[in-house]
2 protein chains.
Amino acid sequence: MEDTSATIYDVANAAGVSMATVSRVMNGNPNVKEKTRQKVLAAVDKLDYRPNAIARGLASHKSTTIGVVLPSFVHSYYSRMVVGVDDVARMYDYNILIVNSDGDADKEIMVIDDLISKQVDGLIIMGNSISEQLRGRISRMRTPVVLAGMVDKEEQMPAVTIDHFASVKEAVGLLAKRNQEVLLIIGPMAAAINTVRYDGYKAALKAAKREFSELNVIETTYTYKNGYTLAERVIASGATAAFVTDDEVAAGLLNGLLDNGVSVPEDFEIITANNTIVTKYTRPNLTSIDQPLYDVGAVSMRFLTKIIAHEEIDGKTAILPYKMAMKDSTKK
Amino acid sequence: MEDTSATIYDVANAAGVSMATVSRVMNGNPNVKEKTRQKVLAAVDKLDYRPNAIARGLASHKSTTIGVVLPSFVHSYYSRMVVGVDDVARMYDYNILIVNSDGDADKEIMVIDDLISKQVDGLIIMGNSISEQLRGRISRMRTPVVLAGMVDKEEQMPAVTIDHFASVKEAVGLLAKRNQEVLLIIGPMAAAINTVRYDGYKAALKAAKREFSELNVIETTYTYKNGYTLAERVIASGATAAFVTDDEVAAGLLNGLLDNGVSVPEDFEIITANNTIVTKYTRPNLTSIDQPLYDVGAVSMRFLTKIIAHEEIDGKTAILPYKMAMKDSTKK
DNA sequence: TTGTATGCGTTATCAG
DNA sequence: CTGATAACGCATACAA
C-alpha cells in the first residue's frame with residue numbers, strides 16, 4: 001500500500017505524457033490518440049489512480065454532489081422520496097449529501113449553509129413549508145433549488161408535488177358520504193401544505209353540505225405515539241371518521257382506537273395520506289391517498305439536473321397524479 | 001445579489017488585513033489581536049462570506065464529511081442507525097454522504113470508490129457482511145472504516161454491534177420452552193451476521209434438547225412481502241413458533257398468518273430481531289430482541305472520530321448490550 | 001501578532 | 001493531438 005495515493009502527475013510520469021493529457025483521458029475528451037489513451041489507461045490501472053474529486057471540484061466549480069434536506073431520517077414519507085432522488089442522481093453521476101433539519105427552521109438554515117459551503121451543485125428540500133427567512137436565503141443563492149413534496153405558497157420556486165387540495169377533498173368527500181362528523185387530523189398549520197389540506201377539507205364538507213367546525217380539526221406532529229394518544233380524544237369527539245395527513249399518526253390512531261374497543265372500519269373510518277408501507281403493516285390496512293412518492297423524488301432530481309444544465313423547463317411546478325388506494329379502514 | 005460569492009481575499013481587502021489573518025480568524029486560531037478579529041468578523045458579516053469547504057479540503061486534506069454506506073434507504077433497521085451516526089457526526093462537525101449499495105457487493109465497491117474519490121475522512125459501512133474483495137480494498141485504504149451493526153468474521157476491522165449469537169440463542173430458547181418445533185426465518189446465509197445467528201439458533205435447540213433440522217430453517221430476503229408469502233409454507237411446516245431475523249419480514253409473516261386464520265400468539269409465536277417501530281404497528285405487537293440501533297450508529301461514529309484523531313481505542317470491536325422486549329406475539 | 005509565499009490536485013486556456 | 005501554465009480558494013510554514 002502506497003503511503004499516499006497517486007496524483008495526476010504520477011500517472012503522467014508513468015505514462016510518459018503530460019498531466020493535461022491524463023486529464024483529457026480521464027474526462028473522456030476525444031482529442032487523444034488511441035495509442036496515447038491506452039498508455040494512460042495502463043498507468044491509471046497500474047497506479048490505481050482515482051481522481052481527487054475535491055481538487056476537481058475546486059478547479060471546475062462543480063462538486064457533483066446534490067444536497068438533500070429532510071426533517072427526519074426515519075420517517076417513511078421522506079425515505080421513499082429519497083430513494084427516487086438517489087436513483088436519478090446516480091444516473092447523472094451525482095452523490096447526495098443528506099442533512100437532517102429536524103423540522104426546525106433555524107437548523108434548516110444552518111444545514112443549508114453547510115451544504116452551500118460544500119459547494120453542492122443543487123439542493124432538494126423536503127418538508128412541510130419553507131420559512132420566509134429561508135425563502136430569502138434561497139432567492140439570493142446561485143445554487144438551484146427544487147422543493148420535493150412541498151407546497152410553496154408563493155409558487156416562486158421550482159417544486160414537485162401532488163394536488164393536495166384535490167386529494168384531501170376527495171378523501172374527505174368519501175368519508176362525508178357515510179359519516180356525519182369527519183375529523184381532520186393534521187400536521188402543523190404553520191406549514192403551507194397543511195393550510196392547503198385544510199382548505200380541501202373545508203371544500204369537501206361544503207360540497208357534502210356538512211357543517212364545518214373548528215372543533216373537528218386536531219393539530220398534531222407526525223409521530224405514531226401522537227396518533228395513539230389521540231384516540232381517547234377522538235372517541236370523545238363523537239365523530240365516526242377521520243382523515244389523517246400522516247401514515248404514522250394514522251397507524252397510531254388506529255391502534256389506539258382498537259385498544260379502546262372501537263372497531264375499524266365498522267365504528268370508525270380512517271383515511272390516511274401517504275400510502276407508505278406503514279399502511280400495510282396495520283390491521284386493518286389503511287385506506288390512503290396514494291402519493292407517488294418515489295416519483296416525486298425522482299422528478300425533483302430530474303428537474304434539478306435540467307436547471308443545472310440550463311435546459312428549458314416548462315413551468316416551475318410539477319403536479320404529479322395521485323390515486324386513492326382503497327383498503328380496509330374504510331367501509332366498502 | 002453578487003454574481004459570485006466572496007472569497008477570503010475579498011474579506012482580507014475589506015478588513016484591511018492579509019488573507020492569512022482572515023484564515024486564522026475563521027479557524028479560531030487564538031493568535032489574533034481581538035481588535036483585528038473584530039474587523040475581520042465585521043467584513044465577513046458584511047460580505048456574507050462563507051469559506052469554501054472544497055478549497056479548504058484541498059488545502060487541509062480534510063473534507064469534514066463521512067461516507068455512510070447502507071443497503072437501503074427505506075429499511076427501518078438502517079434508518080435508525082443513521083440517526084445515531086448523524087447526531088454524533090454533527091457534534092463533531094461532520095456531514096454525512098449517504099450512499100446506497102442496494103445490498104449488492106459490486107455496487108458497494110463502486111459507491112465506496114466514489115466516496116474515496118470525494119475524500120471522505122472516514123467510512124461507516126452498514127449491511128450484513130463484507131465481501132472478500134471489499135475487505136481487501138478497505139485494508140489497502142488509508143481512510144478509516146467502522147462497520148456498524150455488522151459482523152466481521154475475521155474481526156480485523158473496527159466494528160460496533162451486539163452479541164447476535166447470544167441474543168438469538170436467548171430468543172430461540174424462549175420459544176423452545178413452549179414449542180416443539182421452532183422455525184428460523186433468516187436472511188441470506190452468505191452474510192456473516194446470519195451464520196452467527198444460525199449458530200445461536202442451533203445452540204439454543206441443543207440447550208433445550210431439541211432436534212435440529214435443516215427443514216426448519218427458511219432463508220429469505222428482507223421484505224414485508226417475502227414474510228407475507230412465507231405464511232403458507234410456515235403453516236404447512238407444522239411448527240408453532242418462529243424466530244425471524246428481520247422486523248419487516250416478521251410483520252409480513254404475522255399478517256400472513258392472521259389472514260390464514262392462525263392466531264398469534266395462541267397458535268403460533270413469533271419473536272423478531274430488531275425492535276424497530278414496525279413492531280408497534282402490527283397487531284399483536286411483535287416480541288423482539290431489542291437492539292440499541294441508535295447507539296450502534298452513534299458509537300460507530302464516535303469510534304470513527306477517535307480513529308481519525310489517532311486517539312487510543314480499546315479493542316477493535318464494541319459489543320453493545322441488548323435486551324428482550326416482551327410484547328404480544330409470544331405467550332406470557 | 002501579522003504578512004508572504006507555496007502547495008493542495010485538478011481543469012482549462014493557450015500555444016505549438 | 002499534446003504540453004506548459006495559470007487559475008481555483010484556502011491552509012500553513014516561514015519570515016518579519
# chains A, B, ... in the order shown; residues from 1 in each chain; ligands from 1

call {"tool": "interface_residues", "arguments": {"of": "chain A", "to": "chain B", "cutoff": "7 Å", "atoms": "only C-alpha atoms", "output": "count of residues only"}}
result
26

call {"tool": "select_by_dssp", "arguments": {"residues": "range 90-308 of chain A", "states": "strand (DSSP E or B)", "output": "PyMOL selection string"}}
result
chain A and resi 95-100+122-126+145-148+159-162+182-186+217-219+241-244+269-272+287-290

call {"tool": "write_last_selection", "arguments": {"atoms": "C-alpha atoms", "output": "PDB file, in the first residue's frame"}}
result
ATOM      1  CA  ASN A  95     -23.944  11.815  -4.999  1.00  0.00           C
ATOM      2  CA  ILE A  96     -26.344  13.054  -2.404  1.00  0.00           C
ATOM      3  CA  LEU A  97     -25.363  14.749   0.798  1.00  0.00           C
ATOM      4  CA  ILE A  98     -28.292  14.228   3.122  1.00  0.00           C
ATOM      5  CA  VAL A  99     -28.784  16.547   6.034  1.00  0.00           C
ATOM      6  CA  ASN A 100     -31.427  16.411   8.689  1.00  0.00           C
ATOM      7  CA  GLY A 122     -28.048  21.817  -6.324  1.00  0.00           C
ATOM      8  CA  LEU A 123     -30.421  21.406  -3.451  1.00  0.00           C
ATOM      9  CA  ILE A 124     -33.541  19.353  -2.908  1.00  0.00           C
ATOM     10  CA  ILE A 125     -35.566  20.421   0.064  1.00  0.00           C
ATOM     11  CA  MET A 126     -38.217  18.250   1.656  1.00  0.00           C
ATOM     12  CA  VAL A 145     -33.217  24.502  -5.520  1.00  0.00           C
ATOM     13  CA  VAL A 146     -36.161  22.194  -6.020  1.00  0.00           C
ATOM     14  CA  LEU A 147     -38.811  21.583  -3.392  1.00  0.00           C
ATOM     15  CA  ALA A 148     -39.926  17.971  -3.189  1.00  0.00           C
ATOM     16  CA  ALA A 159     -41.471  22.328  -6.840  1.00  0.00           C
ATOM     17  CA  VAL A 160     -42.759  18.816  -7.400  1.00  0.00           C
ATOM     18  CA  THR A 161     -45.797  17.616  -5.552  1.00  0.00           C
ATOM     19  CA  ILE A 162     -49.348  16.373  -5.912  1.00  0.00           C
ATOM     20  CA  VAL A 182     -65.470  13.784   9.915  1.00  0.00           C
ATOM     21  CA  LEU A 183     -62.366  14.802  11.812  1.00  0.00           C
ATOM     22  CA  LEU A 184     -59.303  16.318  10.238  1.00  0.00           C
ATOM     23  CA  ILE A 185     -56.141  15.223  11.999  1.00  0.00           C
ATOM     24  CA  ILE A 186     -53.491  17.412  10.554  1.00  0.00           C
ATOM     25  CA  VAL A 217     -59.759  19.823  13.448  1.00  0.00           C
ATOM     26  CA  ILE A 218     -56.966  18.353  15.512  1.00  0.00           C
ATOM     27  CA  GLU A 219     -53.443  19.590  15.020  1.00  0.00           C
ATOM     28  CA  ALA A 241     -64.450   9.095  10.724  1.00  0.00           C
ATOM     29  CA  ALA A 242     -61.160  10.917  10.309  1.00  0.00           C
ATOM     30  CA  PHE A 243     -58.851  11.966   7.558  1.00  0.00           C
ATOM     31  CA  VAL A 244     -55.276  11.896   8.810  1.00  0.00           C
ATOM     32  CA  GLU A 269     -63.387   5.005   9.346  1.00  0.00           C
ATOM     33  CA  ILE A 270     -59.893   6.281   8.662  1.00  0.00           C
ATOM     34  CA  ILE A 271     -58.206   7.532   5.531  1.00  0.00           C
ATOM     35  CA  THR A 272     -54.569   8.490   5.609  1.00  0.00           C
ATOM     36  CA  THR A 287     -57.102   3.260   3.081  1.00  0.00           C
ATOM     37  CA  SER A 288     -54.961   6.079   1.777  1.00  0.00           C
ATOM     38  CA  ILE A 289     -54.327   8.727  -0.757  1.00  0.00           C
ATOM     39  CA  ASP A 290     -51.702   7.146  -2.956  1.00  0.00           C
TER      40      ASP A 290
END

call {"tool": "atom_distance", "arguments": {"atom1": "C1' of DT5 in chain D", "atom2": "CA of Asn13 in chain B"}}
result
26.9 Å

call {"tool": "select_by_dssp", "arguments": {"residues": "range 62-264 of chain B", "states": "alpha helix (DSSP H)", "output": "ChimeraX atom specification"}}
result
/B:76-91,105-117,132-140,164-178,192-207,224-237,247-259

call {"tool": "residues_around", "arguments": {"residues": "Asn179 in chain A", "least_positions_apart": "5", "cutoff": "10 Å", "atoms": "only C-alpha atoms (C1' of nucleotides)", "output": "VMD selection string"}}
result
chain A and resid 172 to 174 210 239 to 242 268 to 269

call {"tool": "write_last_selection", "arguments": {"atoms": "N, CA and C atoms", "output": "short mmCIF file (atom, residue, chain, number, x, y, z; two decimals), in the first residue's frame"}}
result
data_model
loop_
_atom_site.label_atom_id
_atom_site.label_comp_id
_atom_site.auth_asym_id
_atom_site.auth_seq_id
_atom_site.Cartn_x
_atom_site.Cartn_y
_atom_site.Cartn_z
N VAL A 172 -61.89 13.24 1.97
CA VAL A 172 -62.88 13.69 2.96
C VAL A 172 -64.29 13.53 2.40
N GLY A 173 -64.43 13.78 1.12
CA GLY A 173 -65.73 13.59 0.48
C GLY A 173 -66.22 12.17 0.62
N LEU A 174 -65.31 11.23 0.44
CA LEU A 174 -65.64 9.81 0.61
C LEU A 174 -66.18 9.54 2.01
N ARG A 210 -72.10 19.65 4.73
CA ARG A 210 -71.86 19.42 6.14
C ARG A 210 -71.39 20.72 6.78
N ALA A 239 -67.23 11.80 16.71
CA ALA A 239 -67.14 11.64 15.26
C ALA A 239 -67.00 10.17 14.91
N THR A 240 -67.26 9.83 13.65
CA THR A 240 -67.18 8.43 13.25
C THR A 240 -66.20 8.22 12.10
N ALA A 241 -65.43 9.24 11.80
CA ALA A 241 -64.45 9.10 10.72
C ALA A 241 -63.39 10.18 10.86
N ALA A 242 -62.22 9.91 10.29
CA ALA A 242 -61.16 10.92 10.31
C ALA A 242 -60.29 10.79 9.07
N PHE A 268 -65.64 3.22 13.09
CA PHE A 268 -64.87 4.43 12.78
C PHE A 268 -64.06 4.20 11.51
N GLU A 269 -64.14 5.12 10.60
CA GLU A 269 -63.39 5.01 9.35
C GLU A 269 -62.17 5.94 9.34
#

call {"tool": "closest_atom_pairs", "arguments": {"of": "chain D", "to": "chain A", "cutoff": "12 Å", "atoms": "only C-alpha atoms (C1' of nucleotides)", "output": "JSON lines"}}
result
{"residue": "D:DC1", "atom": "C1'", "partner": "A:Val32", "partner_atom": "CA", "distance": 6.0}
{"residue": "D:DT2", "atom": "C1'", "partner": "A:Thr21", "partner_atom": "CA", "distance": 6.9}
{"residue": "D:DG3", "atom": "C1'", "partner": "A:Ser18", "partner_atom": "CA", "distance": 6.1}
{"residue": "D:DA4", "atom": "C1'", "partner": "A:Ser18", "partner_atom": "CA", "distance": 9.1}
{"residue": "D:DT5", "atom": "C1'", "partner": "A:Ala20", "partner_atom": "CA", "distance": 10.6}
{"residue": "D:DA6", "atom": "C1'", "partner": "A:Ala59", "partner_atom": "CA", "distance": 11.5}
{"residue": "D:DA7", "atom": "C1'", "partner": "A:Ala59", "partner_atom": "CA", "distance": 7.8}
{"residue": "D:DC8", "atom": "C1'", "partner": "A:Ala59", "partner_atom": "CA", "distance": 4.7}
{"residue": "D:DG9", "atom": "C1'", "partner": "A:Leu58", "partner_atom": "CA", "distance": 7.6}
{"residue": "D:DC10", "atom": "C1'", "partner": "A:Leu58", "partner_atom": "CA", "distance": 10.3}

call {"tool": "write_last_selection", "arguments": {"atoms": "N, CA and C atoms (P, O5', C5', C4', C3', O3' and C1' of nucleotides)", "output": "mmCIF file, in the first residue's frame"}}
result
data_model
loop_
_atom_site.group_PDB
_atom_site.id
_atom_site.type_symbol
_atom_site.label_atom_id
_atom_site.label_comp_id
_atom_site.auth_asym_id
_atom_site.auth_seq_id
_atom_site.Cartn_x
_atom_site.Cartn_y
_atom_site.Cartn_z
ATOM 1 P P DC D 1 -6.923 12.996 -33.324
ATOM 2 O "O5'" DC D 1 -5.796 13.585 -32.365
ATOM 3 C "C5'" DC D 1 -4.631 12.831 -32.184
ATOM 4 C "C4'" DC D 1 -3.558 13.704 -31.605
ATOM 5 C "C3'" DC D 1 -3.465 13.628 -30.079
ATOM 6 O "O3'" DC D 1 -2.235 12.977 -29.771
ATOM 7 C "C1'" DC D 1 -3.148 15.854 -30.883
ATOM 8 P P DT D 2 -1.918 12.487 -28.350
ATOM 9 O "O5'" DT D 2 -1.171 13.740 -27.742
ATOM 10 C "C5'" DT D 2 0.119 14.064 -28.239
ATOM 11 C "C4'" DT D 2 0.609 15.338 -27.595
ATOM 12 C "C3'" DT D 2 0.645 15.313 -26.067
ATOM 13 O "O3'" DT D 2 2.011 15.339 -25.673
ATOM 14 C "C1'" DT D 2 -0.165 17.387 -26.912
ATOM 15 P P DG D 3 2.333 15.126 -24.123
ATOM 16 O "O5'" DG D 3 2.779 16.611 -23.773
ATOM 17 C "C5'" DG D 3 3.674 17.284 -24.649
ATOM 18 C "C4'" DG D 3 3.871 18.715 -24.209
ATOM 19 C "C3'" DG D 3 4.071 18.880 -22.702
ATOM 20 O "O3'" DG D 3 5.106 19.841 -22.502
ATOM 21 C "C1'" DG D 3 2.249 20.223 -23.405
ATOM 22 P P DA D 4 5.896 19.816 -21.135
ATOM 23 O "O5'" DA D 4 6.126 21.362 -20.904
ATOM 24 C "C5'" DA D 4 5.065 22.058 -20.363
ATOM 25 C "C4'" DA D 4 5.156 23.518 -20.743
ATOM 26 C "C3'" DA D 4 5.228 24.362 -19.490
ATOM 27 O "O3'" DA D 4 5.791 25.632 -19.759
ATOM 28 C "C1'" DA D 4 3.039 24.433 -20.453
ATOM 29 P P DT D 5 6.112 26.567 -18.528
ATOM 30 O "O5'" DT D 5 4.683 27.145 -18.117
ATOM 31 C "C5'" DT D 5 3.901 27.823 -19.108
ATOM 32 C "C4'" DT D 5 2.651 28.380 -18.463
ATOM 33 C "C3'" DT D 5 2.798 28.689 -16.978
ATOM 34 O "O3'" DT D 5 2.078 29.870 -16.695
ATOM 35 C "C1'" DT D 5 0.991 27.258 -17.275
ATOM 36 P P DA D 6 2.335 30.629 -15.351
ATOM 37 O "O5'" DA D 6 0.932 31.360 -15.133
ATOM 38 C "C5'" DA D 6 0.204 31.810 -16.282
ATOM 39 C "C4'" DA D 6 -1.277 31.594 -16.068
ATOM 40 C "C3'" DA D 6 -1.795 32.112 -14.725
ATOM 41 O "O3'" DA D 6 -3.068 32.697 -14.949
ATOM 42 C "C1'" DA D 6 -2.315 29.836 -14.918
ATOM 43 P P DA D 7 -3.724 33.630 -13.844
ATOM 44 O "O5'" DA D 7 -3.678 32.691 -12.556
ATOM 45 C "C5'" DA D 7 -4.727 32.740 -11.617
ATOM 46 C "C4'" DA D 7 -5.953 32.032 -12.153
ATOM 47 C "C3'" DA D 7 -6.929 31.727 -11.029
ATOM 48 O "O3'" DA D 7 -8.243 32.025 -11.408
ATOM 49 C "C1'" DA D 7 -6.163 29.687 -12.032
ATOM 50 P P DC D 8 -9.241 32.653 -10.311
ATOM 51 O "O5'" DC D 8 -10.137 31.488 -9.732
ATOM 52 C "C5'" DC D 8 -10.377 30.267 -10.377
ATOM 53 C "C4'" DC D 8 -10.704 29.204 -9.356
ATOM 54 C "C3'" DC D 8 -10.667 29.679 -7.904
ATOM 55 O "O3'" DC D 8 -11.997 29.813 -7.423
ATOM 56 C "C1'" DC D 8 -9.477 27.592 -8.197
ATOM 57 P P DG D 9 -12.438 31.124 -6.590
ATOM 58 O "O5'" DG D 9 -12.088 30.713 -5.097
ATOM 59 C "C5'" DG D 9 -12.804 29.649 -4.503
ATOM 60 C "C4'" DG D 9 -12.120 29.268 -3.216
ATOM 61 C "C3'" DG D 9 -11.876 30.439 -2.259
ATOM 62 O "O3'" DG D 9 -12.341 30.046 -0.982
ATOM 63 C "C1'" DG D 9 -9.870 29.260 -2.621
ATOM 64 P P DC D 10 -12.206 30.894 0.297
ATOM 65 O "O5'" DC D 10 -11.024 30.164 1.044
ATOM 66 C "C5'" DC D 10 -11.282 28.884 1.600
ATOM 67 C "C4'" DC D 10 -10.002 28.129 1.800
ATOM 68 C "C3'" DC D 10 -9.201 28.523 3.034
ATOM 69 O "O3'" DC D 10 -9.507 27.572 4.056
ATOM 70 C "C1'" DC D 10 -7.807 28.061 1.129
#

call {"tool": "interface_residues", "arguments": {"of": "chain C", "to": "chain A", "cutoff": "6 Å", "atoms": "only C-alpha atoms (C1' of nucleotides)", "output": "PyMOL selection string"}}
result
chain C and resi 9-11

call {"tool": "atom_distance", "arguments": {"atom1": "CA of Glu155 in chain A", "atom2": "CA of Ile319 in chain A"}}
result
12.1 Å

call {"tool": "atom_distance", "arguments": {"atom1": "CA of Glu108 in chain A", "atom2": "CA of Val69 in chain A"}}
result
7.7 Å
